[in-house]
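**Q** Take a look at final.tsv, TSV, C-alpha atoms:
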chain	number	residue	atom	x	y	z
P	6	MET	CA	144.85	60.90	-10.62
P	7	ASP	CA	144.72	64.52	-9.47
P	8	PRO	CA	142.59	66.35	-12.09
P	9	GLY	CA	145.12	69.21	-11.97
P	10	THR	CA	147.93	66.93	-13.20
P	11	ARG	CA	148.63	66.17	-16.86
P	12	PRO	CA	151.23	63.47	-17.53
P	13	ALA	CA	154.12	63.46	-19.96
P	14	LYS	CA	156.59	60.72	-20.68
P	15	ARG	CA	158.87	59.92	-17.73
P	16	CYS	CA	160.41	57.01	-15.80
P	17	SER	CA	157.62	54.78	-14.58
P	18	ASP	CA	158.85	54.12	-11.06
P	19	LEU	CA	159.39	57.75	-10.11
P	20	ASN	CA	156.19	58.64	-11.92
P	21	ALA	CA	154.21	56.25	-9.79
P	22	GLU	CA	155.63	57.69	-6.57
P	23	LEU	CA	154.73	61.23	-7.66
P	24	GLY	CA	151.25	60.31	-8.82
P	25	GLY	CA	151.98	60.65	-12.52
P	26	ASN	CA	151.14	58.45	-15.50
P	27	PRO	CA	153.85	56.48	-17.31
P	28	LYS	CA	151.98	56.53	-20.62
P	29	ARG	CA	153.39	58.79	-23.28
P	30	SER	CA	151.51	62.05	-23.81
P	31	SER	CA	150.48	63.25	-27.25
P	32	TRP	CA	151.08	66.91	-26.37
P	33	GLY	CA	154.22	68.94	-25.79
P	34	PRO	CA	157.87	68.30	-26.73
P	35	PRO	CA	159.28	64.79	-26.30
P	36	ALA	CA	161.62	63.89	-23.45
P	37	LEU	CA	165.21	65.17	-23.55
P	38	PRO	CA	167.93	62.55	-24.17
P	39	VAL	CA	171.12	62.72	-22.10
P	40	GLU	CA	173.70	60.58	-23.95
P	41	PRO	CA	177.11	62.34	-23.89
P	42	ALA	CA	177.73	61.81	-27.62
P	43	LEU	CA	174.77	64.06	-28.44
P	44	TYR	CA	176.47	67.02	-26.74
P	45	ASP	CA	180.09	66.41	-27.75
P	46	ARG	CA	180.71	69.63	-29.61
P	47	PRO	CA	182.61	72.90	-29.00
P	48	PHE	CA	182.18	74.68	-25.70
P	49	PRO	CA	179.13	76.99	-25.73
P	50	PHE	CA	179.25	80.70	-25.00
P	51	TYR	CA	179.36	81.33	-21.26
P	52	ARG	CA	179.65	84.83	-19.86
P	53	ARG	CA	181.91	85.43	-16.87
P	54	PRO	CA	179.63	85.34	-13.80
P	55	ALA	CA	179.08	88.60	-11.92
P	56	GLU	CA	177.97	88.79	-8.31
P	57	VAL	CA	174.82	90.91	-8.00
P	58	GLY	CA	173.85	90.07	-4.43
P	59	ARG	CA	174.70	88.15	-1.28
P	60	PHE	CA	172.91	86.99	1.84
P	61	SER	CA	173.48	85.07	5.06
P	62	LEU	CA	171.54	82.50	7.05
P	63	ASP	CA	172.16	82.52	10.79
P	64	ALA	CA	172.20	79.78	13.42
P	65	GLN	CA	168.37	79.67	13.39
P	66	ARG	CA	168.27	79.67	9.56
P	67	CYS	CA	166.98	83.26	9.51
P	68	TYR	CA	167.68	85.39	6.44
P	69	HIS	CA	169.94	88.48	6.51
P	70	GLY	CA	170.70	90.50	3.40
P	71	ASP	CA	174.38	90.89	4.21
P	72	ALA	CA	177.69	89.01	4.51
P	73	ARG	CA	177.71	88.37	8.27
P	74	GLN	CA	178.24	84.63	7.73
P	75	LEU	CA	181.11	85.02	5.24
P	76	ARG	CA	184.26	83.33	6.50
P	77	TYR	CA	187.87	83.87	5.52
P	78	PHE	CA	190.33	81.35	4.12
P	79	ALA	CA	193.09	80.71	6.68
P	80	PRO	CA	195.00	77.57	5.61
P	81	PRO	CA	197.86	76.00	7.58
P	82	ALA	CA	201.46	76.81	6.67
P	83	THR	CA	202.00	73.49	4.88
P	84	MET	CA	199.92	71.15	2.75
P	85	HIS	CA	200.47	68.40	5.32
P	86	PRO	CA	198.88	69.70	8.55
P	87	THR	CA	200.81	68.93	11.73
P	88	PRO	CA	199.20	67.70	13.83
P	89	PRO	CA	196.63	66.33	11.37
P	90	PHE	CA	193.13	67.83	11.50
P	91	ASP	CA	190.79	65.62	13.55
P	92	LEU	CA	187.52	65.70	11.62
P	93	ARG	CA	185.73	63.46	14.11
P	94	HIS	CA	186.22	65.83	17.03
P	95	GLY	CA	182.93	67.32	18.29
P	96	TYR	CA	180.60	65.03	16.35
P	97	ARG	CA	178.78	63.86	19.48
P	98	ASP	CA	178.51	67.11	21.42
P	99	ARG	CA	179.25	70.12	19.18
P	100	TYR	CA	177.07	69.51	16.14
P	101	VAL	CA	173.78	71.31	15.30
P	102	ARG	CA	172.18	69.82	12.20
P	103	ARG	CA	169.89	71.67	9.84
P	104	ASP	CA	166.51	70.06	9.18
P	105	GLU	CA	167.20	68.64	5.71
P	106	GLY	CA	163.55	67.70	5.29
P	107	LEU	CA	162.46	71.36	5.42
P	108	ARG	CA	161.57	72.59	1.93
P	109	GLU	CA	163.06	76.06	1.39
P	110	GLY	CA	162.97	76.26	-2.40
P	111	LEU	CA	163.75	79.79	-3.63
P	112	GLU	CA	162.57	81.53	-0.46
P	113	HIS	CA	165.94	83.08	0.48
P	114	LEU	CA	166.99	83.92	-3.07
P	115	LEU	CA	163.72	85.74	-3.78
P	116	ARG	CA	164.11	87.92	-0.70
P	117	GLY	CA	167.40	89.29	-1.98
P	118	SER	CA	166.76	89.54	-5.74
P	119	GLN	CA	164.74	91.75	-8.02
P	120	THR	CA	165.99	86.28	-16.23
P	121	LEU	CA	165.86	82.95	-14.84
P	122	PHE	CA	166.07	82.15	-11.13
P	123	TRP	CA	167.79	79.00	-9.94
P	124	ALA	CA	169.04	77.62	-6.62
P	125	TRP	CA	172.23	76.07	-7.99
P	126	ARG	CA	173.93	72.86	-6.86
P	127	GLY	CA	175.38	71.68	-10.15
P	128	GLN	CA	173.49	68.41	-10.57
P	129	VAL	CA	172.17	69.21	-14.06
P	130	LEU	CA	175.67	69.72	-15.48
P	131	THR	CA	176.81	66.22	-14.54
P	132	THR	CA	173.72	64.43	-15.90
P	133	PRO	CA	175.31	62.97	-19.07
P	134	TYR	CA	177.87	61.13	-16.93
P	135	GLU	CA	175.91	60.39	-13.75
P	136	ARG	CA	175.15	56.72	-13.08
P	137	GLN	CA	173.68	56.68	-9.57
P	138	GLU	CA	171.72	59.76	-8.47
P	139	GLY	CA	168.69	61.21	-10.20
P	140	TRP	CA	167.17	64.66	-9.70
P	141	LEU	CA	163.82	66.44	-9.65
P	142	LEU	CA	163.33	70.11	-10.51
P	143	ALA	CA	160.14	72.15	-10.15
P	144	VAL	CA	159.72	74.90	-12.76
P	145	SER	CA	157.16	77.71	-13.00
P	146	LEU	CA	156.78	80.62	-15.43
P	147	PHE	CA	155.73	83.87	-13.77
P	148	ARG	CA	155.68	87.33	-15.36
P	149	GLY	CA	157.97	86.18	-18.16
P	150	THR	CA	160.62	84.60	-15.91
P	151	LEU	CA	161.29	80.89	-15.41
P	152	TYR	CA	161.87	79.87	-11.79
P	153	ILE	CA	163.63	76.59	-11.02
P	154	SER	CA	163.61	74.95	-7.61
P	155	GLU	CA	165.17	71.64	-6.64
P	156	GLU	CA	162.93	69.03	-5.04
P	157	GLU	CA	163.91	65.89	-3.20
P	158	THR	CA	163.36	62.69	-5.16
P	159	PRO	CA	161.67	59.81	-3.34
P	160	ALA	CA	164.94	57.86	-3.53
P	161	THR	CA	166.93	60.74	-2.03
P	162	GLN	CA	164.38	61.17	0.74
P	163	LEU	CA	164.59	57.48	1.57
P	164	GLN	CA	168.38	57.60	1.64
P	165	ARG	CA	168.33	60.62	3.93
P	166	GLU	CA	165.86	59.02	6.33
P	167	GLN	CA	167.82	55.75	6.41
P	168	ARG	CA	171.30	57.30	6.44
P	169	SER	CA	173.74	55.19	8.42
P	170	GLU	CA	175.71	56.55	11.35
P	171	THR	CA	178.89	56.25	9.27
P	172	LEU	CA	177.46	58.45	6.50
P	173	LYS	CA	176.19	60.97	9.05
P	174	GLU	CA	179.68	61.21	10.49
P	175	LEU	CA	181.22	61.63	7.03
P	176	THR	CA	178.84	64.53	6.39
P	177	TYR	CA	179.94	66.09	9.66
P	178	MET	CA	183.60	65.74	8.68
P	179	GLY	CA	183.05	67.95	5.65
P	180	TYR	CA	181.68	70.74	7.83
P	181	LYS	CA	184.39	70.19	10.44
P	182	PHE	CA	187.05	70.63	7.76
P	183	GLU	CA	185.70	74.14	7.19
P	184	ARG	CA	186.27	74.93	10.88
P	185	TYR	CA	189.94	74.07	10.46
P	186	MET	CA	190.34	76.11	7.26
P	187	CYS	CA	188.32	79.29	7.95
P	188	ALA	CA	188.49	82.27	10.29
P	189	ASP	CA	185.76	84.75	11.24
P	190	THR	CA	187.87	87.79	10.28
P	191	PRO	CA	190.34	88.49	7.44
P	192	ASP	CA	193.35	88.43	9.77
P	193	GLY	CA	192.01	85.86	12.23
P	194	SER	CA	192.82	82.21	12.91
P	195	PRO	CA	190.55	79.17	12.63
P	196	ASP	CA	188.80	77.89	15.77
P	197	PRO	CA	188.25	74.16	15.20
P	198	THR	CA	186.77	73.76	18.70
P	199	GLY	CA	183.65	75.78	17.83
P	200	VAL	CA	180.18	74.35	17.29
P	201	VAL	CA	179.42	73.04	13.81
P	202	ASN	CA	175.98	74.45	12.96
P	203	THR	CA	174.80	73.57	9.46
P	204	ASN	CA	171.97	76.10	9.60
P	205	GLU	CA	174.55	78.82	9.05
P	206	ALA	CA	175.44	79.75	5.49
P	207	PHE	CA	176.71	82.53	3.27
P	208	CYS	CA	175.38	82.63	-0.31
P	209	THR	CA	176.35	84.55	-3.41
P	210	VAL	CA	173.79	85.59	-6.01
P	211	VAL	CA	175.28	85.48	-9.50
P	212	ARG	CA	174.11	86.70	-12.89
P	213	THR	CA	175.48	85.19	-16.10
P	214	ARG	CA	174.50	83.91	-19.55
P	215	LEU	CA	174.76	80.45	-21.13
P	216	GLY	CA	174.18	80.66	-24.86
P	217	SER	CA	170.95	82.66	-25.23
P	218	HIS	CA	169.81	81.98	-21.65
P	219	SER	CA	170.16	84.66	-18.97
P	220	LEU	CA	170.65	83.13	-15.53
P	221	LEU	CA	170.37	84.41	-12.00
P	222	PHE	CA	171.13	81.87	-9.30
P	223	ALA	CA	172.32	81.49	-5.74
P	224	GLY	CA	175.04	79.20	-4.45
P	225	GLU	CA	176.42	78.57	-0.98
P	226	VAL	CA	180.01	79.75	-0.49
P	227	ASP	CA	182.46	78.24	2.00
P	228	CYS	CA	184.90	81.15	2.28
P	229	THR	CA	186.72	84.01	0.57
P	230	ASP	CA	190.48	84.42	0.26
P	231	PRO	CA	191.49	87.90	1.47
P	232	CYS	CA	195.06	87.36	0.22
P	233	GLY	CA	194.33	85.48	-3.00
P	234	PRO	CA	195.14	86.42	-6.60
P	235	TRP	CA	191.52	87.36	-7.37
P	236	ALA	CA	190.12	90.15	-5.25
P	237	GLU	CA	186.60	90.45	-6.68
P	238	PRO	CA	183.71	88.03	-6.11
P	239	PRO	CA	182.88	85.44	-7.18
P	240	ALA	CA	186.46	84.60	-8.24
P	241	CYS	CA	187.75	85.27	-4.70
P	242	TYR	CA	185.60	82.48	-3.25
P	243	ILE	CA	186.95	79.03	-2.41
P	244	GLU	CA	185.10	75.74	-2.18
P	245	LEU	CA	186.26	73.34	0.56
P	246	LYS	CA	185.94	69.59	0.07
P	247	THR	CA	187.05	66.37	1.74
P	248	CYS	CA	187.84	63.00	0.22
P	249	LYS	CA	189.34	59.75	1.37
P	250	GLU	CA	193.09	59.49	0.95
P	251	LEU	CA	194.31	58.31	-2.46
P	252	HIS	CA	197.01	55.62	-2.48
P	253	SER	CA	197.41	54.61	-6.13
P	254	PRO	CA	197.20	55.96	-9.69
P	255	ALA	CA	194.05	53.90	-10.19
P	256	GLN	CA	192.38	55.55	-7.20
P	257	ARG	CA	193.36	58.98	-8.51
P	258	ARG	CA	191.91	58.18	-11.95
P	259	SER	CA	188.68	57.12	-10.29
P	260	PHE	CA	188.71	60.31	-8.25
P	261	TYR	CA	189.12	62.42	-11.41
P	262	ARG	CA	186.34	60.53	-13.20
P	263	TYR	CA	183.63	60.33	-10.54
P	264	LYS	CA	184.35	62.86	-7.79
P	265	LEU	CA	186.09	65.76	-9.50
P	266	ILE	CA	183.29	66.22	-12.04
P	267	LYS	CA	180.88	67.08	-9.22
P	268	TRP	CA	183.35	69.45	-7.61
P	269	TRP	CA	183.96	71.17	-10.94
P	270	ALA	CA	180.23	71.46	-11.73
P	271	GLN	CA	179.45	73.01	-8.36
P	272	SER	CA	182.20	75.64	-8.73
P	273	PHE	CA	182.42	76.42	-12.46
P	274	LEU	CA	179.01	77.90	-13.18
P	275	PRO	CA	179.00	80.37	-10.23
P	276	GLY	CA	182.60	81.38	-10.98
P	277	VAL	CA	184.32	80.00	-7.86
P	278	SER	CA	188.00	79.96	-8.80
P	279	ARG	CA	189.52	77.35	-6.49
P	280	ILE	CA	188.72	74.15	-4.66
P	281	MET	CA	190.76	73.14	-1.61
P	282	ALA	CA	190.57	69.43	-0.85
P	283	GLY	CA	191.44	67.74	2.42
P	284	PHE	CA	192.37	64.09	2.02
P	285	ARG	CA	191.46	62.08	5.11
P	286	ALA	CA	192.80	58.87	6.56
P	287	PRO	CA	190.47	56.09	7.83
P	288	ASP	CA	190.68	57.51	11.36
P	289	GLY	CA	189.18	60.83	10.18
P	290	SER	CA	192.40	62.84	10.23
P	291	VAL	CA	193.36	65.09	7.31
P	292	VAL	CA	196.81	64.04	6.15
P	293	ALA	CA	197.19	66.17	3.02
P	294	LEU	CA	195.73	69.22	1.29
P	295	GLU	CA	195.53	69.85	-2.45
P	296	THR	CA	194.34	72.86	-4.44
P	297	PHE	CA	192.44	72.56	-7.72
P	298	GLU	CA	191.97	75.62	-9.91
P	299	THR	CA	188.49	75.31	-11.36
P	300	MET	CA	189.49	76.59	-14.82
P	301	LYS	CA	192.40	74.13	-15.04
P	302	ILE	CA	190.62	70.95	-13.95
P	303	PHE	CA	190.03	69.97	-17.58
P	304	GLN	CA	193.82	69.65	-17.98
P	305	LEU	CA	193.78	66.74	-15.52
P	306	ILE	CA	191.29	64.71	-17.59
P	307	ARG	CA	191.77	65.71	-21.21
P	308	ASP	CA	194.18	62.85	-22.00
P	309	ASP	CA	191.72	60.22	-20.79
P	310	PRO	CA	189.26	59.53	-23.65
P	311	SER	CA	186.93	57.63	-21.32
P	312	CYS	CA	186.64	60.53	-18.87
P	313	TRP	CA	184.08	63.32	-18.77
P	314	LYS	CA	184.26	66.48	-20.89
P	315	PRO	CA	183.37	69.96	-19.60
P	316	ALA	CA	181.97	70.94	-23.02
P	317	VAL	CA	179.52	68.01	-22.94
P	318	CYS	CA	178.29	69.12	-19.51
P	319	MET	CA	177.78	72.73	-20.57
P	320	ASN	CA	176.16	71.85	-23.90
P	321	PHE	CA	173.72	69.57	-22.10
P	322	CYS	CA	172.89	72.34	-19.62
P	323	GLU	CA	172.22	74.73	-22.50
P	324	ALA	CA	169.99	72.14	-24.17
P	325	PHE	CA	168.14	71.52	-20.91
P	326	LEU	CA	167.38	75.23	-20.50
P	327	ALA	CA	166.10	75.38	-24.07
P	328	PHE	CA	163.95	72.31	-23.32
P	329	LEU	CA	162.44	74.09	-20.30
P	330	LYS	CA	161.51	77.08	-22.43
P	331	ARG	CA	159.79	74.88	-25.02
P	332	VAL	CA	157.80	73.01	-22.39
P	333	VAL	CA	156.90	75.69	-19.84
P	334	THR	CA	154.95	78.30	-21.79
P	335	GLU	CA	151.95	79.12	-19.59
P	336	ASP	CA	152.56	82.10	-17.31
P	337	ASP	CA	151.04	80.95	-14.03
P	338	PRO	CA	152.81	80.77	-10.63
P	339	HIS	CA	150.46	77.98	-9.56
P	340	LEU	CA	151.34	75.77	-12.53
P	341	VAL	CA	154.40	73.63	-11.83
P	342	HIS	CA	156.22	71.42	-14.28
P	343	LEU	CA	158.24	68.70	-12.55
P	344	PHE	CA	161.29	67.74	-14.60
P	345	ALA	CA	162.67	64.38	-13.53
P	346	TRP	CA	165.72	62.42	-14.46
P	347	GLU	CA	166.98	59.00	-13.43
P	348	PRO	CA	170.14	57.25	-14.69
P	349	GLY	CA	169.48	55.30	-17.86
P	350	HIS	CA	166.49	57.42	-18.89
P	351	PRO	CA	165.85	60.73	-20.67
P	352	VAL	CA	164.71	63.87	-18.87
P	353	SER	CA	160.92	63.86	-18.61
P	354	TYR	CA	158.21	65.97	-17.02
P	355	THR	CA	154.70	66.17	-15.57
P	356	ARG	CA	152.34	69.13	-15.05
P	357	HIS	CA	150.78	69.97	-11.69
P	358	HIS	CA	148.36	72.84	-11.03
P	359	GLY	CA	148.20	73.93	-7.40
P	360	GLY	CA	148.94	71.57	-4.55
P	361	GLU	CA	152.14	70.56	-2.82
P	362	HIS	CA	154.54	71.28	-5.68
P	363	VAL	CA	153.83	75.04	-5.87
P	364	PHE	CA	157.02	76.69	-4.63
P	365	LEU	CA	156.79	80.44	-5.31
P	366	PRO	CA	155.88	82.09	-1.96
P	367	THR	CA	152.54	83.88	-1.76
P	368	TRP	CA	154.22	87.05	-0.51
P	369	TYR	CA	156.47	87.12	-3.58
P	370	VAL	CA	153.69	86.45	-6.08
P	371	GLU	CA	151.51	89.19	-4.55
P	372	THR	CA	154.40	91.65	-4.42
P	373	MET	CA	155.29	91.06	-8.07
P	374	SER	CA	151.60	91.32	-8.97
P	375	GLY	CA	151.25	94.76	-7.40
P	376	GLY	CA	149.67	93.50	-4.17
P	377	ARG	CA	147.04	91.45	-5.97
P	378	SER	CA	146.78	87.70	-6.17
P	379	PRO	CA	147.17	86.54	-9.81
P	380	ASP	CA	144.17	84.96	-11.46
If you convert what's in this file into structure tokens, what do you get?
**A**
Amino acid sequence: MDPGTRPAKRCSDLNAELGGNPKRSSWGPPALPVEPALYDRPFPFYRRPAEVGRFSLDAQRCYHGDARQLRYFAPPATMHPTPPFDLRHGYRDRYVRRDEGLREGLEHLLRGSQTLFWAWRGQVLTTPYERQEGWLLAVSLFRGTLYISEEETPATQLQREQRSETLKELTYMGYKFERYMCADTPDGSPDPTGVVNTNEAFCTVVRTRLGSHSLLFAGEVDCTDPCGPWAEPPACYIELKTCKELHSPAQRRSFYRYKLIKWWAQSFLPGVSRIMAGFRAPDGSVVALETFETMKIFQLIRDDPSCWKPAVCMNFCEAFLAFLKRVVTEDDPHLVHLFAWEPGHPVSYTRHHGGEHVFLPTWYVETMSGGRSPD
């Protein structure tokens, strides 16, 4: 074992892949349970998110501290596009894929920000109800602030490297849908014939509070609605999603239970007000559009006692943040706690000093330390 690593209780298989020790440690807080019943209580305090920054990533994945990559919502006249959107068009010859194996961590967020930093994708919120996908978060305490960066689990890496052609094409369809729904200017029209380049992105930086925890995090934004009911960010932003066409009440119930929770989690915390879904036929054409207001999604599931509850998700997130603060107490940018979760297990962690898991950039650490490397 690496002498810089101290083990805590965690799932044995993931532990082995990360070089940890499955034996329970006698130091530090115990692992964090995730059962929904433990968090089934009133909704916690959550302050309305406020945008405090924004940045763009261009076609070469270069950072720009502006909104040059922000696109504008330009939906068709009806919720049943005619002719239907062809989401397969351009997959073979007009698709530039970002290197998903490249570890970016908080690099872009730190360039635009001066609390608790987090690159947000919503996976922690859904943990009490998730049955398939685990997660891995690297956490460091530096100058009184906790920094949280997502890492790829070994299982996720394997899935990415062995992704089938069908799954690759489905991923492309999601990006292609954005080409049909967005324009480059507020009064422009979509150009679905353009190149789909997944290096490009516009991100909002949001500040908020969950219970006693101040949060600052970044999230990628698909578009803004220049004619919508909410003029100010982040409420003016819209998330665009695709899903296979639903043909029965049973399919819709399954959609509410397993898919909509992830859409809600990704949009609720950063304050994105609406989700526009494109429902696709087997041939890849979008046959119907449907809008979901993020704050009203709970109305679709509240009568189903076996479905997920937003309050459970938020209470778990609050408990997880409190767990981080109890565990990560040593102020050292080179000390990384890896918090891991797999379905059927509690949240657990290991300690790593130096090495591959360090994620705070040297330039940032030296800048925040007054030009000196910390001890």
**Q** Within 12 Å of P:Thr229, counting all atoms listed in the file, which residues show up once you throw out same-chain ones fewer than 4 positions away? Write them as a ChimeraX atom specification, please.
**A** /P:72,74-80,183,186-191,207-209,225,233-245,277-281
**Q** Find the smallest box with edges along x, y and z containing every listed atom of stretch 258-264 of chain P, then add 8 Å on each side and report centre and edge lengths in Å to one decimal, as AutoDock Vina command-line options.
**A**
--center_x 187.8 --center_y 60.0 --center_z -10.5 --size_x 24.3 --size_y 21.7 --size_z 21.4
**Q** Would you be able to write out as a list of chain:residue names which residues have an atom within 12 Å of (181.7, 55.6, 8.4) in the file's coordinates, counting all atoms listed in the file?
**A**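 Residues lying no farther than 12 Å from the given point: P:Arg93, P:Arg168, P:Ser169, P:Glu170, P:Thr171, P:Leu172, P:Lys173, P:Glu174, P:Leu175, P:Thr176, P:Tyr177, P:Met178, P:Lys249, P:Ala286, P:Pro287, P:Asp288, P:Gly289.
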**Q** For P:Leu37, find every residue with an atom within 8 Å (counting all atoms listed in the file), except residues of its own chain fewer than 4 positions away, and show them as an MDAnalysis selection string.
**A** chainID P and resid 325 328 351:353
**Q** Would you mind exporting the chosen residues as a short mmCIF file (atom, residue, chain, number, x, y, z; two decimals), in the frame of the given file, restricted to C-alpha atoms?
**A**
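Dumped everything to result39.cif:
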data_model
loop_
_atom_site.label_atom_id
_atom_site.label_comp_id
_atom_site.auth_asym_id
_atom_site.auth_seq_id
_atom_site.Cartn_x
_atom_site.Cartn_y
_atom_site.Cartn_z
CA PHE P 325 168.14 71.52 -20.91
CA PHE P 328 163.95 72.31 -23.32
CA PRO P 351 165.85 60.73 -20.67
CA VAL P 352 164.71 63.87 -18.87
CA SER P 353 160.92 63.86 -18.61
#
**Q** Counting only C-alpha atoms, which of P:Thr150, P:Thr131, P:Ser217, P:Thr367 gets nearest to P:Lys264?
**A**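 Nearest to P:Lys264: P:Thr131.
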**Q** Kindly give the distance, in Å, that separates atom CA of P:Gly70 and atom CA of P:Asp227, rounded to a single decimal.
**A** 17.0 Å
**Q** Hey, which of P:Gly283, P:Pro348, P:Pro366, P:Pro231 ends up closest to P:Pro86? Count only C-alpha atoms.
**A** P:Gly283
**Q** Of the residues P:Lys267, P:Arg165, P:Lys330, P:His252, which is the one nearest to P:Pro315, using all atoms listed in the file?
**A**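 Selected residue with least distance to P:Pro315: P:Lys267.
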**Q** Name the closest residue to P:Arg285 among the candidates P:Ser311, P:Thr247, P:Thr355, P:Gln256; distances are taken between atoms, counting all atoms listed in the file.
**A** P:Thr247
**Q** For P:Cys318, which residue out of P:Ser61, P:Thr158, P:Gln128, P:Ser219 is the nearest one, using all atoms listed in the file?
**A**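 Of the candidates, the smallest distance to P:Cys318 is held by P:Gln128.
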**Q** Point out the residue among P:Asp71, P:Glu371, P:Glu347, P:Glu135 with the least atom-to-atom distance to P:Pro159, counting all atoms listed in the file.
**A**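 Checking each candidate against P:Pro159, we get P:Glu347 as the closest.
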**Q** Could you jot down the atom CA of P:His85 to atom CA of P:Ala293 separation for me, Å, one decimal place?
**A**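 Between atom CA of P:His85 and atom CA of P:Ala293 the gap works out to 4.6 Å.
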**Q** Quick one: distance from atom CA of P:Ala143 to atom CA of P:His69 in Å, one decimal?
**A**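 Straight-line distance from atom CA of P:Ala143 to atom CA of P:His69 works out to 25.3 Å.
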